[in-house]
Amino acid sequence: MKQEITEKKIIAMTNQVFEESFEIETERLQPKMNIFEDLGLDSLDIVDLIVAIQQKFDVKIRNDERVRDIRTLEDVYRFIIILKKEVALSETKREQQKV
Amino acid sequence: MKRVVISGVGAVSAMGNNVPSLVRGIEDGRSAVHYMEGWNQYTGLRSLVGAPAELINEKTIPRKNRRSMGRMSIFAVQAAEQALSDSGIEPEELTSGRVGCIIGSTMGSAKSLNETFEIMLPQKDLTQLSSMKFFQCVSHTAAMNVSQYLGITGCVLATSAACASALQAVSTGYDLIRLGKQDAVLCGGAEELHPTVTGSFDVLFATSSSYNDKPHKTPRPFDRDRDGLVCGEGSGILVIEEYERALKRNAKIYAEITGYHTCGSGVHVSRPDKKSIASCLRQALASANVSSNEVDYINAHATATIQGDKEEASAIKEVLGDLTPVSSLKGYIGHTLGASGALELIVSLAMMEKGIIYPTLNLDNISSDCQGINHVIEPVAKNISIMVKNCFAFGGINSVLVCKKL
């Protein structure tokens with residue numbers, strides 16, 4: 001079974017996406033920041049945010065409706081934390097079924 | 001018809017990231033052609049030389065603008081900013097709708113196109129594609145990015161005719177101003193170097209492959225030992241403007257554009273055709289109301305392919321005889337394809353200003369099939385009043401521009 005990723009690690013990796021893909025300075029990456037109004041992302045950036053998150057966390061979210069509700073950086077963290085929990089849960093179930 | 005003048009120039013090339021470095025490099029007789037590290041991993045790629053430009057200070061372009069730019073669009077933006085600053089046209093004039101932007105290229109960013117296919121094809125998976133690849137890959141990427149970055153709201157066009165793209169851009173801008181549709185146009189071309197670009201010529205045996213161990217010796221336009229073209233990259237942008245307007249602003253006028261012609265050969269997609277080149281030259285001179293003995297200098301297309309140089313030399317001989325000085329600049333900066341017409345026109349304007357003709361680099365022995373014209377093999381002091389710029393492209397596209405010193 002894969003080792004579970006910590007919430008702290010998820011936050012650090014998400015911040016890394018914003019630094020690398022959108023050239024946003026580390027000090028501006030505060031949880032309450034609105035990713036559109038405060039961090040300056042637009043609709044085209046959201047496509048790239050999805051691609052970057054998929055690559056960084058090995059998940060598939062292109063058709064995930066929950067992306068539409070994301071407003072703040074904290075929303076992004078929370079979304080990925082939930083997503084990783086869902087992935088871990090489905091992996092556990094699959095392994096239990098094998099046994 | 002209104003008169004049209006050139007009032008600003010900007011360049012990024014293998015010689016450096018501005019016009020003075022380009023002109024100085026050529027004046028010094030330097031070659032910017034290098035052995036391309038890593039290209040030998042491509043099976044079947046025979047030509048391992050190129051004239052690369054350097055990507056510098058690109059982060060001064062804000063991310064929101066830069067994200068849609070491939071390498072060639074960054075070159076174009078930097079050259080456009082130089083040209084605009086050189087012309088003295090104020091940024092606020094760009095939003096008047098009376099200033100246009102016409103930039104040509106063979107295609108969109110080669111690097112971005114390759115990255116797109118590398119991401120998409122192995123698993124036939126589009127879900128990992130960035131939203132920006134489209135904007136970097138489209139044929140009008142340079143024109144689109146420059147106009148968006150500068151806020152240009154006039155005519156935005158992208159001429160796409162491979163090696164004739166930039167000259168067609170200048171010619172189209174000339175027409176728009178002559179007809180009174182625009183007051184000024186930023187026009188030129190951009191291109192980037194990539195093994196797949198060189199490879200597309202290499203599979204046709206049109207590239208230089210015998211000088212991989214001595215890159216400075218190639219390309220060799222009009223030379224007995226020429227063996228093909230060497231690809232280069234960069235961007236050349238010119239500000240062209242209605243004459244009275246330029247006078248009113250007390251702008252520096254490099255030259256007046258007095259005529260041009262562009263035509264298809266209708267014969268063959270890759271074989272250069274003397275007859276149609278000669279016809280294009282004749283019609284360009286006629287449109288400028290210039291007789292052949294009035295031309296002081298011809299900046300040749302001459303890429304150093306066996307067929308191309310021969311046909312061009314023969315056409316020049318037929319139309320202009322053996323007295324008009326002729327030189328090619330490809331030996332210095334390689335063949336910058338869609339940018340070549342603009343970059344070489346800019347250097348030709350420098351020649352006009354300085355009263356000196358730069359020679360064809362690597363022309364050590366004039367080939368027997370390129371004789372009968374006045375090859376410039378060392379710098380020549382000459383007052384250039386009227387000059388002709390040639391560009392010929394695969395697809396049988398010919399383009400010739402005539403400029404006059406004021």
# chains A, B, ... in the order shown; residues from 1 in each chain; ligands from 1
$ residues_around --residues "stretch 73-75 of chain A" --least-positions-apart "5" --cutoff "8 Å" --atoms "only C-alpha atoms" --output "PDB file with C-alpha atoms, in the first residue's frame"
ATOM      1  CA  LEU A  29       0.794  32.224  -0.933  1.00  0.00           C
ATOM      2  CA  GLN A  30      -1.555  32.620   2.030  1.00  0.00           C
ATOM      3  CA  PRO A  31      -4.529  30.233   2.460  1.00  0.00           C
ATOM      4  CA  LYS A  32      -7.175  32.968   2.359  1.00  0.00           C
ATOM      5  CA  MET A  33      -5.892  34.439  -0.909  1.00  0.00           C
ATOM      6  CA  ASN A  34      -8.468  34.390  -3.717  1.00  0.00           C
ATOM      7  CA  ILE A  35      -6.673  32.724  -6.625  1.00  0.00           C
TER       8      ILE A  35
END
$ residues_around --residues "B:Gly331" --least-positions-apart "3" --cutoff "9 Å" --atoms "only C-alpha atoms" --output "PyMOL selection string"
chain B and resi 30-33+216-221+230+303-304+328+334-335+360-363
$ atom_distance --atom1 "atom CA of A:Phe18" --atom2 "atom CA of A:Gln55"
13.3 Å
$ interface_residues --of "chain B" --to "chain A" --cutoff "10 Å" --atoms "only C-alpha atoms" --output "mmCIF file with N, CA, C and O atoms, in the first residue's frame"
data_model
loop_
_atom_site.group_PDB
_atom_site.id
_atom_site.type_symbol
_atom_site.label_atom_id
_atom_site.label_comp_id
_atom_site.auth_asym_id
_atom_site.auth_seq_id
_atom_site.Cartn_x
_atom_site.Cartn_y
_atom_site.Cartn_z
ATOM 1 N N PRO B 62 5.736 40.419 -18.731
ATOM 2 C CA PRO B 62 4.901 39.846 -17.664
ATOM 3 C C PRO B 62 4.392 38.445 -18.011
ATOM 4 O O PRO B 62 4.116 38.148 -19.178
ATOM 5 N N ARG B 63 4.277 37.592 -16.985
ATOM 6 C CA ARG B 63 3.871 36.194 -17.210
ATOM 7 C C ARG B 63 2.591 36.075 -18.022
ATOM 8 O O ARG B 63 2.482 35.238 -18.908
ATOM 9 N N LYS B 64 1.622 36.923 -17.743
ATOM 10 C CA LYS B 64 0.331 36.839 -18.441
ATOM 11 C C LYS B 64 0.495 37.028 -19.944
ATOM 12 O O LYS B 64 -0.257 36.473 -20.730
ATOM 13 N N ARG B 67 3.132 33.848 -21.258
ATOM 14 C CA ARG B 67 2.673 32.454 -21.236
ATOM 15 C C ARG B 67 2.223 31.963 -22.614
ATOM 16 O O ARG B 67 2.279 30.778 -22.909
ATOM 17 N N THR B 127 -5.011 15.099 -21.913
ATOM 18 C CA THR B 127 -5.336 15.692 -20.606
ATOM 19 C C THR B 127 -4.154 16.385 -19.936
ATOM 20 O O THR B 127 -4.342 17.102 -18.967
ATOM 21 N N GLN B 128 -2.962 16.164 -20.438
ATOM 22 C CA GLN B 128 -1.795 16.808 -19.829
ATOM 23 C C GLN B 128 -1.352 18.060 -20.610
ATOM 24 O O GLN B 128 -0.307 18.632 -20.334
ATOM 25 N N LEU B 129 -2.160 18.472 -21.592
ATOM 26 C CA LEU B 129 -1.767 19.616 -22.429
ATOM 27 C C LEU B 129 -2.075 20.959 -21.775
ATOM 28 O O LEU B 129 -3.187 21.189 -21.300
ATOM 29 N N SER B 130 -1.097 21.847 -21.803
ATOM 30 C CA SER B 130 -1.291 23.202 -21.287
ATOM 31 C C SER B 130 -2.228 23.981 -22.215
ATOM 32 O O SER B 130 -2.252 23.758 -23.426
ATOM 33 N N SER B 131 -2.950 24.911 -21.637
ATOM 34 C CA SER B 131 -3.861 25.740 -22.435
ATOM 35 C C SER B 131 -3.099 26.649 -23.386
ATOM 36 O O SER B 131 -3.666 27.193 -24.335
ATOM 37 N N MET B 132 -1.818 26.833 -23.131
ATOM 38 C CA MET B 132 -1.041 27.807 -23.899
ATOM 39 C C MET B 132 -0.393 27.250 -25.159
ATOM 40 O O MET B 132 0.102 27.996 -25.989
#
$ select_by_dssp --residues "stretch 140-381 of chain B" --states "alpha helix (DSSP H)" --output "PyMOL selection string"
chain B and resi 141-150+165-178+195-202+243-248+274-287+306-320+330-333+340-354
$ atom_distance --atom1 "atom CA of A:Ile53" --atom2 "atom CA of B:Thr116"
18.3 Å
$ atom_distance --atom1 "atom CA of B:Ala284" --atom2 "atom CA of B:Leu320"
12.3 Å
$ select_by_dssp --residues "stretch 186-374 of chain B" --states "strand (DSSP E)" --output "MDAnalysis selection string"
chainID B and resid 186:191 234:242 255:264 297:299 325:327 356:357 374
$ closest_residue --among "B:Gly104, B:Pro359, B:Gly154, B:Pro215" --to "B:Thr336" --atoms "only C-alpha atoms"
B:Gly104
$ residues_around --residues "B:Asp273" --least-positions-apart "3" --cutoff "10 Å" --atoms "only C-alpha atoms" --output "number ranges by chain"
B: 264-268, 270, 276-278, 307-308, 310-312, 314-315, 392, 396-398
